[in-house]
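Enquirer: Just input_20.txt, nothing more (compact mmCIF, C-alpha atoms and all ligand atoms):
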```txt
# COMPACT_ATOMS: atom_id res chain seq x y z
CA MET Z 1133 -121.16 4.26 -8.29
CA SER Z 1134 -121.77 6.30 -5.15
CA THR Z 1135 -122.62 4.85 -1.75
CA LEU Z 1136 -126.37 4.80 -1.13
CA LEU Z 1137 -126.58 3.06 2.23
CA GLU Z 1138 -123.96 2.70 4.91
CA MET Z 1139 -124.39 0.83 8.16
CA SER Z 1140 -121.73 0.94 10.81
CA GLY Z 1141 -121.39 -0.69 14.19
CA VAL Z 1142 -125.03 -1.80 14.23
CA SER Z 1143 -126.17 -4.18 16.96
CA VAL Z 1144 -129.61 -5.53 17.88
CA SER Z 1145 -130.44 -7.77 20.82
CA PHE Z 1146 -133.59 -9.73 21.45
CA ASP Z 1147 -133.90 -10.65 25.13
CA GLY Z 1148 -130.16 -10.35 25.58
CA PHE Z 1149 -129.34 -12.38 22.45
CA LYS Z 1150 -127.35 -10.42 19.83
CA ALA Z 1151 -129.11 -11.10 16.53
CA ILE Z 1152 -126.99 -8.39 14.85
CA ASN Z 1153 -123.53 -7.85 16.26
CA ASN Z 1154 -121.48 -4.79 15.33
CA LEU Z 1155 -122.51 -5.07 11.68
CA SER Z 1156 -121.03 -2.79 9.04
CA PHE Z 1157 -122.29 -2.80 5.46
CA GLN Z 1158 -122.27 -0.57 2.40
CA ILE Z 1159 -124.10 -0.67 -0.90
CA GLY Z 1160 -123.69 1.62 -3.88
CA GLU Z 1161 -126.21 2.98 -6.37
CA PRO Z 1162 -126.58 1.20 -8.67
CA GLU Z 1163 -125.37 -2.14 -7.40
CA LEU Z 1164 -126.51 -5.75 -7.13
CA ARG Z 1165 -125.61 -7.56 -3.90
CA ALA Z 1166 -126.43 -11.05 -2.68
CA ILE Z 1167 -126.67 -11.75 1.04
CA ILE Z 1168 -126.17 -15.34 2.11
CA GLY Z 1169 -125.76 -17.04 5.46
CA PRO Z 1170 -127.15 -19.96 7.42
CA ASN Z 1171 -130.51 -19.85 9.19
CA GLY Z 1172 -130.42 -17.48 12.12
CA ALA Z 1173 -127.48 -15.51 10.65
CA GLY Z 1174 -129.45 -12.27 10.95
CA LYS Z 1175 -130.51 -11.75 7.32
CA THR Z 1176 -134.14 -10.92 8.11
CA THR Z 1177 -133.21 -8.68 11.02
CA PHE Z 1178 -130.69 -6.90 8.75
CA MET Z 1179 -133.47 -6.06 6.28
CA ASP Z 1180 -135.85 -5.12 9.11
CA ILE Z 1181 -133.29 -2.55 10.29
CA ILE Z 1182 -133.06 -0.95 6.86
CA THR Z 1183 -136.85 -0.66 6.51
CA GLY Z 1184 -137.21 0.70 10.05
CA LYS Z 1185 -139.20 -2.27 11.33
CA THR Z 1186 -136.50 -3.08 13.88
CA ARG Z 1187 -134.55 -0.36 15.68
CA PRO Z 1188 -130.92 -1.13 16.52
CA ASP Z 1189 -129.60 -0.70 20.05
CA GLU Z 1190 -126.50 0.98 18.67
CA GLY Z 1191 -124.83 2.00 15.42
CA ARG Z 1192 -125.53 4.22 12.43
CA VAL Z 1193 -127.54 3.69 9.24
CA ILE Z 1194 -126.92 6.50 6.77
CA TYR Z 1195 -128.80 6.82 3.48
CA GLY Z 1196 -128.59 8.98 0.35
CA GLU Z 1197 -126.38 11.86 -0.66
CA ARG Z 1198 -127.66 13.94 2.24
CA SER Z 1199 -126.69 11.21 4.69
CA TYR Z 1200 -130.10 10.95 6.29
CA SER Z 1201 -130.15 8.71 9.34
CA LEU Z 1202 -132.72 5.98 8.70
CA LEU Z 1203 -132.82 5.52 12.47
CA LYS Z 1204 -134.57 8.87 12.77
CA MET Z 1205 -137.19 8.06 10.14
CA SER Z 1206 -140.48 6.17 10.44
CA GLU Z 1207 -141.09 3.04 8.36
CA SER Z 1208 -143.36 4.96 6.01
CA ASP Z 1209 -140.83 7.80 5.61
CA ILE Z 1210 -138.16 5.21 4.75
CA ALA Z 1211 -140.47 3.67 2.14
CA ARG Z 1212 -141.16 7.15 0.72
CA ALA Z 1213 -137.41 7.78 0.55
CA GLY Z 1214 -137.21 4.90 -1.93
CA VAL Z 1215 -136.59 1.76 0.11
CA GLY Z 1216 -138.80 -1.04 -1.25
CA ARG Z 1217 -139.04 -4.56 0.10
CA LYS Z 1218 -140.29 -7.73 -1.45
CA PHE Z 1219 -141.09 -10.56 0.91
CA GLN Z 1220 -140.78 -14.19 -0.10
CA LYS Z 1221 -144.50 -14.74 -0.58
CA PRO Z 1222 -145.96 -12.60 -3.37
CA THR Z 1223 -148.66 -10.18 -2.25
CA VAL Z 1224 -150.48 -9.01 -5.34
CA PHE Z 1225 -154.17 -8.16 -5.67
CA GLU Z 1226 -155.41 -11.42 -7.15
CA ALA Z 1227 -158.77 -10.21 -8.46
CA GLN Z 1228 -157.23 -7.22 -10.23
CA SER Z 1229 -155.49 -7.39 -13.58
CA VAL Z 1230 -151.73 -7.10 -13.95
CA ARG Z 1231 -152.30 -3.60 -15.39
CA GLU Z 1232 -154.42 -2.58 -12.40
CA ASN Z 1233 -151.87 -3.94 -9.94
CA LEU Z 1234 -149.14 -1.91 -11.63
CA ALA Z 1235 -151.40 1.15 -11.76
CA MET Z 1236 -152.03 0.93 -8.03
CA ALA Z 1237 -148.33 0.66 -7.35
CA LEU Z 1238 -147.57 3.55 -9.68
CA LYS Z 1239 -149.98 5.75 -7.80
CA ASN Z 1240 -148.75 4.34 -4.53
CA LYS Z 1241 -152.24 3.17 -3.71
CA ARG Z 1242 -152.76 0.33 -1.35
CA SER Z 1243 -156.30 -0.80 -2.10
CA PRO Z 1244 -158.17 -2.20 -5.11
CA PHE Z 1245 -160.77 0.53 -4.61
CA ASP Z 1246 -158.25 3.08 -5.84
CA VAL Z 1247 -158.23 1.36 -9.20
CA LEU Z 1248 -161.63 2.93 -9.88
CA LEU Z 1249 -159.94 6.30 -9.73
CA TYR Z 1250 -157.16 5.05 -11.96
CA ARG Z 1251 -159.62 3.98 -14.65
CA LYS Z 1252 -160.76 7.56 -15.04
CA ASN Z 1253 -157.21 8.73 -15.41
CA SER Z 1254 -155.01 6.85 -17.79
CA GLU Z 1255 -151.93 8.97 -17.19
CA GLY Z 1256 -149.09 6.61 -16.45
CA ALA Z 1257 -150.26 4.07 -19.03
CA ALA Z 1258 -146.98 4.33 -20.91
CA ARG Z 1259 -145.02 3.78 -17.74
CA ILE Z 1260 -147.11 0.70 -16.98
CA GLU Z 1261 -146.39 -0.69 -20.45
CA SER Z 1262 -142.69 -0.14 -19.98
CA ILE Z 1263 -142.63 -1.83 -16.56
CA ALA Z 1264 -144.67 -4.74 -17.95
CA GLU Z 1265 -142.06 -5.11 -20.66
CA GLU Z 1266 -139.26 -4.95 -18.11
CA ILE Z 1267 -140.80 -7.76 -16.04
CA GLY Z 1268 -141.84 -9.82 -19.08
CA LEU Z 1269 -145.61 -9.59 -18.49
CA THR Z 1270 -146.73 -7.53 -21.48
CA ALA Z 1271 -148.87 -10.40 -22.78
CA GLU Z 1272 -150.52 -10.78 -19.37
CA LEU Z 1273 -151.50 -7.14 -18.75
CA ALA Z 1274 -155.24 -7.82 -18.93
CA ARG Z 1275 -155.17 -11.05 -16.91
CA PRO Z 1276 -156.24 -11.16 -13.28
CA ALA Z 1277 -153.11 -11.50 -11.14
CA GLY Z 1278 -154.66 -14.54 -9.47
CA GLU Z 1279 -154.29 -16.47 -12.73
CA LEU Z 1280 -150.54 -15.92 -12.98
CA SER Z 1281 -147.98 -18.61 -12.18
CA HIS Z 1282 -146.01 -18.32 -8.95
CA GLY Z 1283 -143.03 -16.94 -10.85
CA GLN Z 1284 -145.14 -14.40 -12.74
CA LYS Z 1285 -146.65 -13.17 -9.47
CA GLN Z 1286 -143.16 -12.64 -8.12
CA TRP Z 1287 -142.22 -10.61 -11.20
CA LEU Z 1288 -145.40 -8.59 -10.93
CA GLU Z 1289 -144.56 -7.76 -7.36
CA ILE Z 1290 -141.06 -6.71 -8.38
CA GLY Z 1291 -142.70 -4.59 -11.09
CA MET Z 1292 -144.94 -3.02 -8.44
CA LEU Z 1293 -141.86 -2.07 -6.46
CA LEU Z 1294 -140.18 -0.67 -9.58
CA ALA Z 1295 -143.30 1.42 -10.23
CA GLN Z 1296 -142.74 3.17 -6.93
CA ALA Z 1297 -139.43 4.59 -8.16
CA PRO Z 1298 -137.22 2.88 -5.61
CA ARG Z 1299 -133.57 3.59 -4.94
CA LEU Z 1300 -132.93 0.49 -2.83
CA LEU Z 1301 -134.78 -2.78 -3.37
CA LEU Z 1302 -134.65 -5.54 -0.75
CA VAL Z 1303 -135.67 -8.88 -2.20
CA ASP Z 1304 -136.16 -11.95 -0.05
CA GLU Z 1305 -135.50 -15.37 -1.65
CA PRO Z 1306 -136.87 -14.56 -5.10
CA ALA Z 1307 -135.99 -17.96 -6.57
CA ALA Z 1308 -137.85 -20.07 -4.00
CA GLY Z 1309 -140.43 -22.36 -5.61
CA MET Z 1310 -139.54 -21.33 -9.17
CA THR Z 1311 -138.95 -23.50 -12.21
CA PRO Z 1312 -135.48 -23.32 -13.81
CA ALA Z 1313 -136.84 -21.12 -16.62
CA GLU Z 1314 -138.50 -18.80 -14.11
CA ARG Z 1315 -135.24 -18.56 -12.17
CA GLU Z 1316 -133.40 -17.52 -15.28
CA HIS Z 1317 -135.95 -14.83 -16.03
CA THR Z 1318 -135.74 -13.64 -12.41
CA THR Z 1319 -131.95 -13.41 -12.64
CA ASP Z 1320 -132.23 -11.27 -15.78
CA LEU Z 1321 -134.89 -9.10 -14.19
CA LEU Z 1322 -132.87 -8.43 -11.04
CA ARG Z 1323 -129.68 -7.79 -12.98
CA ARG Z 1324 -131.52 -5.28 -15.17
CA ALA Z 1325 -133.08 -3.59 -12.13
CA ALA Z 1326 -129.60 -3.33 -10.61
CA GLU Z 1327 -128.41 -1.28 -13.59
CA LYS Z 1328 -130.42 1.62 -12.16
CA HIS Z 1329 -131.07 0.81 -8.51
CA ALA Z 1330 -129.35 -0.69 -5.50
CA VAL Z 1331 -130.69 -4.23 -5.21
CA VAL Z 1332 -130.08 -6.50 -2.21
CA VAL Z 1333 -131.07 -10.12 -2.72
CA VAL Z 1334 -131.22 -12.54 0.21
CA GLU Z 1335 -130.98 -16.03 -1.24
CA HIS Z 1336 -130.19 -19.58 -0.12
CA ASP Z 1337 -129.88 -21.07 -3.57
CA MET Z 1338 -126.17 -20.89 -4.47
CA GLU Z 1339 -126.76 -21.67 -8.13
CA PHE Z 1340 -129.06 -18.66 -8.29
CA VAL Z 1341 -126.49 -16.51 -6.50
CA ARG Z 1342 -123.86 -17.67 -8.99
CA ARG Z 1343 -126.06 -16.56 -11.87
CA LEU Z 1344 -126.56 -13.13 -10.30
CA ASN Z 1345 -122.80 -12.79 -10.75
CA CYS Z 1346 -122.41 -10.05 -8.16
CA LYS Z 1347 -120.61 -9.23 -4.92
CA VAL Z 1348 -121.73 -11.50 -2.08
CA THR Z 1349 -121.91 -10.69 1.63
CA VAL Z 1350 -121.90 -13.66 4.01
CA LEU Z 1351 -123.64 -13.06 7.33
CA HIS Z 1352 -123.00 -15.24 10.35
CA GLU Z 1353 -124.07 -14.63 13.93
CA GLY Z 1354 -125.15 -11.12 13.05
CA SER Z 1355 -121.83 -10.00 11.53
CA VAL Z 1356 -120.21 -9.99 8.10
CA LEU Z 1357 -118.09 -13.13 7.88
CA ALA Z 1358 -116.82 -12.63 4.33
CA GLU Z 1359 -117.45 -10.41 1.32
CA GLY Z 1360 -116.46 -10.59 -2.33
CA SER Z 1361 -117.17 -12.72 -5.37
CA LEU Z 1362 -119.02 -16.02 -4.79
CA ASP Z 1363 -115.83 -17.93 -5.60
CA HIS Z 1364 -113.90 -15.81 -3.13
CA VAL Z 1365 -116.35 -16.24 -0.23
CA THR Z 1366 -116.98 -19.94 -0.83
CA SER Z 1367 -113.27 -20.66 -0.73
CA ASP Z 1368 -112.94 -18.86 2.64
CA SER Z 1369 -112.23 -21.46 5.32
CA GLN Z 1370 -114.46 -19.71 7.90
CA VAL Z 1371 -117.38 -19.72 5.45
CA ILE Z 1372 -116.79 -23.40 4.65
CA ASP Z 1373 -116.80 -24.19 8.39
CA VAL Z 1374 -120.06 -22.30 8.94
CA TYR Z 1375 -121.81 -23.97 6.01
CA LEU Z 1376 -120.60 -27.42 6.94
CA GLY Z 1377 -121.51 -26.74 10.57
CA ARG Z 1378 -118.02 -27.34 11.89
P1 LIG Z 1401 -132.09 -15.27 9.29
O1 LIG Z 1401 -133.08 -14.40 8.53
O2 LIG Z 1401 -130.70 -15.16 8.76
O3 LIG Z 1401 -132.54 -16.68 9.40
P2 LIG Z 1401 -133.00 -13.74 11.59
O4 LIG Z 1401 -132.65 -12.31 11.35
O5 LIG Z 1401 -134.42 -14.13 11.36
O6 LIG Z 1401 -132.00 -14.69 10.78
O7 LIG Z 1401 -132.67 -14.10 13.09
C1 LIG Z 1401 -131.40 -13.90 13.70
C2 LIG Z 1401 -131.47 -14.42 15.12
O8 LIG Z 1401 -132.29 -13.54 15.91
C3 LIG Z 1401 -132.08 -15.81 15.24
O9 LIG Z 1401 -131.37 -16.51 16.24
C4 LIG Z 1401 -133.51 -15.53 15.66
O10 LIG Z 1401 -134.01 -16.59 16.44
C5 LIG Z 1401 -133.37 -14.25 16.48
N1 LIG Z 1401 -134.57 -13.41 16.37
C6 LIG Z 1401 -135.00 -12.77 15.27
N2 LIG Z 1401 -136.10 -12.04 15.54
C7 LIG Z 1401 -136.37 -12.21 16.85
C8 LIG Z 1401 -137.38 -11.71 17.74
N3 LIG Z 1401 -138.33 -10.88 17.32
N4 LIG Z 1401 -137.34 -12.13 19.03
C9 LIG Z 1401 -136.37 -12.95 19.47
N5 LIG Z 1401 -135.39 -13.45 18.69
C10 LIG Z 1401 -135.39 -13.09 17.40
```
Let's see the structure in the file written out as structure tokens.
Ligand code: ADP

Expert:
Amino acid sequence: MSTLLEMSGVSVSFDGFKAINNLSFQIGEPELRAIIGPNGAGKTTFMDIITGKTRPDEGRVIYGERSYSLLKMSESDIARAGVGRKFQKPTVFEAQSVRENLAMALKNKRSPFDVLLYRKNSEGAARIESIAEEIGLTAELARPAGELSHGQKQWLEIGMLLAQAPRLLLVDEPAAGMTPAEREHTTDLLRRAAEKHAVVVVEHDMEFVRRLNCKVTVLHEGSVLAEGSLDHVTSDSQVIDVYLGR
């Protein structure tokens, strides 16, 4: 496993308040990593820095074997370099079928109109079938995405990210609002994705994090408070204090 992303000494202030404070972080490729931390710990800002949405005041963010600085790249360049992000709320094209949603993602198209072009050109069909299998939606390929369950929409969106050949996937609270069976499927899906890609999962649900069975990074006040297995970090007295609000 080689390092894909390395942050060092990164700080971000909003109106004088340090949301991220001298943060250092590394993730390999492939790797699965869970990020936990109380509200306001800086988890969202951390992901915003990686995607280029928020620019740090200081520090370095180095990516890939050529050590590109993400701080010198635009948000769209960062996305093109293989950084994909999934927000908590699924954003699929509801009127389009699962197949069409995946086709759009595969061609990196952003509008349902582009599907018309796709219909004339079925290249990529095999890839779509294989992604559908990976996300467990083969039987739903012809269904409009709007008819899917909440969990299925989340998987479709993960599939749409996978279609864009990512290297680093940032996934925000994938288990929120899911049934126990959907959570299990999501765990499997993310673990499989992390066999090929770097996958960062921000999650509040500790049972879900336990099932991911991966290295955990605990953020607190914009810094890394602890890192290691879930058992390791949850037995750390500082982490216990933060979670119990002491
Ligand atoms: P988390 O995702 O862990 O809940 P955030 O990254 O959203 O944490 O926020 C970290 C801290 O930075 C919080 O105290 C939040 O209020 C503050 N913050 C985040 N974004 C902004 C912003 N755009 N303007 C001012 N304060 C912000």

Enquirer: Which residues form the shell of 12 Å around ligand LIG 1401 (chain Z) when you count all atoms listed in the file, given as a count of residues only?

Expert: 43

Enquirer: What separation in Å, quoted to one decimal, exists between CA of Pro1162 in chain Z and CA of Leu1322 in chain Z?

Expert: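 Distance between the two atoms: 11.7 Å.
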
Enquirer: Enumerate, as a tab-separated table (two decimals) with C-alpha atoms, in the coordinates of the input, the protein, DNA and RNA residues whose atoms approach (-137.0, -18.3, -7.4) to within 10 Å, taking into account all atoms listed in the file and the coordinate frame of the file.

Expert:
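part_37.tsv was written with the following content:
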```
chain	number	residue	atom	x	y	z
Z	1220	GLN	CA	-140.78	-14.19	-0.10
Z	1282	HIS	CA	-146.01	-18.32	-8.95
Z	1283	GLY	CA	-143.03	-16.94	-10.85
Z	1286	GLN	CA	-143.16	-12.64	-8.12
Z	1304	ASP	CA	-136.16	-11.95	-0.05
Z	1305	GLU	CA	-135.50	-15.37	-1.65
Z	1306	PRO	CA	-136.87	-14.56	-5.10
Z	1307	ALA	CA	-135.99	-17.96	-6.57
Z	1308	ALA	CA	-137.85	-20.07	-4.00
Z	1309	GLY	CA	-140.43	-22.36	-5.61
Z	1310	MET	CA	-139.54	-21.33	-9.17
Z	1311	THR	CA	-138.95	-23.50	-12.21
Z	1312	PRO	CA	-135.48	-23.32	-13.81
Z	1313	ALA	CA	-136.84	-21.12	-16.62
Z	1314	GLU	CA	-138.50	-18.80	-14.11
Z	1315	ARG	CA	-135.24	-18.56	-12.17
Z	1316	GLU	CA	-133.40	-17.52	-15.28
Z	1317	HIS	CA	-135.95	-14.83	-16.03
Z	1318	THR	CA	-135.74	-13.64	-12.41
Z	1319	THR	CA	-131.95	-13.41	-12.64
Z	1335	GLU	CA	-130.98	-16.03	-1.24
Z	1337	ASP	CA	-129.88	-21.07	-3.57
Z	1340	PHE	CA	-129.06	-18.66	-8.29
```

Enquirer: Go ahead and compute the interatomic distance for CA of Ser1369 in chain Z and CA of Ile1159 in chain Z, in Å to one decimal.

Expert: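 Spanning CA of Ser1369 in chain Z to CA of Ile1159 in chain Z is a straight-line distance of 24.7 Å.
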
Enquirer: Which residues are close to Leu1269 in chain Z, i.e. within 9 Å by all atoms listed in the file, leaving aside same-chain residues fewer than 6 positions away? Reply as a list in words.

Expert: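 Those residues are Val1230, Ile1263, Gln1284, Trp1287 and Leu1288 of chain Z.
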
Enquirer: Rounded to one decimal place, report the CA of Met1139 in chain Z-CA of Leu1155 in chain Z distance in Å.

Expert: 7.1 Å

Enquirer: Quick one: everything within 7 Å of Ala1235 in chain Z, counting all atoms listed in the file, minus sequence neighbours fewer than 3 positions away in the same chain. Send it as a list of chain:residue names.

Expert: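 The residues that qualify are Z:Arg1231, Z:Glu1232, Z:Leu1238, Z:Lys1239, Z:Tyr1250, Z:Ile1260.
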
Enquirer: With only C-alpha atoms as the basis for distance, which of Z:Leu1376, Z:Met1236, Z:Leu1280, Z:Val1332 is at the shortest distance from Gly1160 in chain Z?

Expert: Z:Val1332

Enquirer: Might I get the box with edges along x, y and z of the file that holds all atoms of range 1170-1182 of chain Z listed there, padded by 4 Å on every side, given as centre and edge lengths in Å to one decimal, as JSON?

Expert:
```
{"center_x": -131.5, "center_y": -10.5, "center_z": 9.2, "size_x": 16.7, "size_y": 27.0, "size_z": 13.8}
```

Enquirer: Please determine, counting all atoms listed in the file, which residue among Z:Cys1346, Z:Ile1194, Z:Ala1257, Z:Leu1234 has the shortest atom-to-atom distance to Ile1290 in chain Z.

Expert: Z:Leu1234

Enquirer: Given only C-alpha atoms as the basis, pick out the residue of Z:Glu1197, Z:Glu1161, Z:Glu1138, Z:Glu1266 nearest to His1329 in chain Z.

Expert: Z:Glu1161

Enquirer: Restricting the calculation to all atoms listed in the file, which member of Z:Gly1214, Z:Glu1163, Z:Thr1270, Z:Asp1209 is positioned closest to Val1333 in chain Z?

Expert: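 Residue with the minimum atom-to-atom distance to Val1333 in chain Z: Z:Glu1163.
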
Enquirer: Since the input lacks atoms, please generate N, CA, C and O atoms for range 1332-1354 of chain Z and provide them as an mmCIF file, in the frame of the given file.

Expert:
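The resulting file, selection_17.cif, is shown below:
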```
data_model
loop_
_atom_site.group_PDB
_atom_site.id
_atom_site.type_symbol
_atom_site.label_atom_id
_atom_site.label_comp_id
_atom_site.auth_asym_id
_atom_site.auth_seq_id
_atom_site.Cartn_x
_atom_site.Cartn_y
_atom_site.Cartn_z
ATOM 1 N N VAL Z 1332 -130.624 -5.533 -3.172
ATOM 2 C CA VAL Z 1332 -130.080 -6.500 -2.210
ATOM 3 C C VAL Z 1332 -130.942 -7.748 -2.282
ATOM 4 O O VAL Z 1332 -132.152 -7.675 -2.068
ATOM 5 N N VAL Z 1333 -130.324 -8.873 -2.594
ATOM 6 C CA VAL Z 1333 -131.070 -10.120 -2.720
ATOM 7 C C VAL Z 1333 -130.611 -11.094 -1.639
ATOM 8 O O VAL Z 1333 -129.423 -11.438 -1.572
ATOM 9 N N VAL Z 1334 -131.534 -11.514 -0.784
ATOM 10 C CA VAL Z 1334 -131.220 -12.540 0.210
ATOM 11 C C VAL Z 1334 -131.618 -13.876 -0.409
ATOM 12 O O VAL Z 1334 -132.754 -14.046 -0.857
ATOM 13 N N GLU Z 1335 -130.674 -14.795 -0.513
ATOM 14 C CA GLU Z 1335 -130.980 -16.030 -1.240
ATOM 15 C C GLU Z 1335 -130.182 -17.211 -0.673
ATOM 16 O O GLU Z 1335 -129.009 -17.066 -0.328
ATOM 17 N N HIS Z 1336 -130.851 -18.361 -0.600
ATOM 18 C CA HIS Z 1336 -130.190 -19.580 -0.120
ATOM 19 C C HIS Z 1336 -129.600 -20.392 -1.265
ATOM 20 O O HIS Z 1336 -128.669 -21.149 -1.090
ATOM 21 N N ASP Z 1337 -130.222 -20.218 -2.445
ATOM 22 C CA ASP Z 1337 -129.880 -21.070 -3.570
ATOM 23 C C ASP Z 1337 -128.576 -20.577 -4.217
ATOM 24 O O ASP Z 1337 -128.536 -19.533 -4.874
ATOM 25 N N MET Z 1338 -127.498 -21.344 -4.015
ATOM 26 C CA MET Z 1338 -126.170 -20.890 -4.470
ATOM 27 C C MET Z 1338 -126.062 -20.820 -5.995
ATOM 28 O O MET Z 1338 -125.321 -19.999 -6.527
ATOM 29 N N GLU Z 1339 -126.796 -21.702 -6.680
ATOM 30 C CA GLU Z 1339 -126.760 -21.670 -8.130
ATOM 31 C C GLU Z 1339 -127.350 -20.349 -8.634
ATOM 32 O O GLU Z 1339 -126.851 -19.738 -9.577
ATOM 33 N N PHE Z 1340 -128.425 -19.933 -7.946
ATOM 34 C CA PHE Z 1340 -129.060 -18.660 -8.290
ATOM 35 C C PHE Z 1340 -128.109 -17.501 -8.010
ATOM 36 O O PHE Z 1340 -127.945 -16.597 -8.831
ATOM 37 N N VAL Z 1341 -127.437 -17.562 -6.865
ATOM 38 C CA VAL Z 1341 -126.490 -16.510 -6.500
ATOM 39 C C VAL Z 1341 -125.359 -16.457 -7.538
ATOM 40 O O VAL Z 1341 -124.927 -15.393 -7.969
ATOM 41 N N ARG Z 1342 -124.925 -17.636 -7.982
ATOM 42 C CA ARG Z 1342 -123.860 -17.670 -8.990
ATOM 43 C C ARG Z 1342 -124.298 -16.945 -10.251
ATOM 44 O O ARG Z 1342 -123.564 -16.165 -10.836
ATOM 45 N N ARG Z 1343 -125.549 -17.196 -10.651
ATOM 46 C CA ARG Z 1343 -126.060 -16.560 -11.870
ATOM 47 C C ARG Z 1343 -126.194 -15.046 -11.720
ATOM 48 O O ARG Z 1343 -126.093 -14.307 -12.686
ATOM 49 N N LEU Z 1344 -126.457 -14.589 -10.503
ATOM 50 C CA LEU Z 1344 -126.560 -13.130 -10.300
ATOM 51 C C LEU Z 1344 -125.227 -12.465 -10.597
ATOM 52 O O LEU Z 1344 -125.169 -11.314 -11.001
ATOM 53 N N ASN Z 1345 -124.137 -13.244 -10.371
ATOM 54 C CA ASN Z 1345 -122.800 -12.790 -10.750
ATOM 55 C C ASN Z 1345 -122.475 -11.424 -10.135
ATOM 56 O O ASN Z 1345 -122.140 -10.483 -10.840
ATOM 57 N N CYS Z 1346 -122.634 -11.333 -8.827
ATOM 58 C CA CYS Z 1346 -122.410 -10.050 -8.160
ATOM 59 C C CYS Z 1346 -121.619 -10.261 -6.877
ATOM 60 O O CYS Z 1346 -121.319 -11.398 -6.498
ATOM 61 N N LYS Z 1347 -121.290 -9.156 -6.212
ATOM 62 C CA LYS Z 1347 -120.610 -9.230 -4.920
ATOM 63 C C LYS Z 1347 -121.545 -9.900 -3.903
ATOM 64 O O LYS Z 1347 -122.748 -9.663 -3.902
ATOM 65 N N VAL Z 1348 -120.944 -10.734 -3.056
ATOM 66 C CA VAL Z 1348 -121.730 -11.500 -2.080
ATOM 67 C C VAL Z 1348 -121.259 -11.111 -0.682
ATOM 68 O O VAL Z 1348 -120.057 -10.974 -0.436
ATOM 69 N N THR Z 1349 -122.225 -10.930 0.220
ATOM 70 C CA THR Z 1349 -121.910 -10.690 1.630
ATOM 71 C C THR Z 1349 -122.408 -11.891 2.425
ATOM 72 O O THR Z 1349 -123.572 -12.267 2.305
ATOM 73 N N VAL Z 1350 -121.513 -12.501 3.192
ATOM 74 C CA VAL Z 1350 -121.900 -13.660 4.010
ATOM 75 C C VAL Z 1350 -122.126 -13.187 5.440
ATOM 76 O O VAL Z 1350 -121.212 -12.645 6.071
ATOM 77 N N LEU Z 1351 -123.342 -13.391 5.930
ATOM 78 C CA LEU Z 1351 -123.640 -13.060 7.330
ATOM 79 C C LEU Z 1351 -123.551 -14.314 8.167
ATOM 80 O O LEU Z 1351 -123.945 -15.402 7.741
ATOM 81 N N HIS Z 1352 -123.052 -14.127 9.384
ATOM 82 C CA HIS Z 1352 -123.000 -15.240 10.350
ATOM 83 C C HIS Z 1352 -123.028 -14.635 11.743
ATOM 84 O O HIS Z 1352 -122.237 -13.729 12.037
ATOM 85 N N GLU Z 1353 -123.923 -15.130 12.555
ATOM 86 C CA GLU Z 1353 -124.070 -14.630 13.930
ATOM 87 C C GLU Z 1353 -124.136 -13.107 13.976
ATOM 88 O O GLU Z 1353 -123.525 -12.458 14.829
ATOM 89 N N GLY Z 1354 -124.879 -12.550 13.025
ATOM 90 C CA GLY Z 1354 -125.150 -11.120 13.050
ATOM 91 C C GLY Z 1354 -124.016 -10.224 12.595
ATOM 92 O O GLY Z 1354 -124.079 -8.992 12.750
#
```
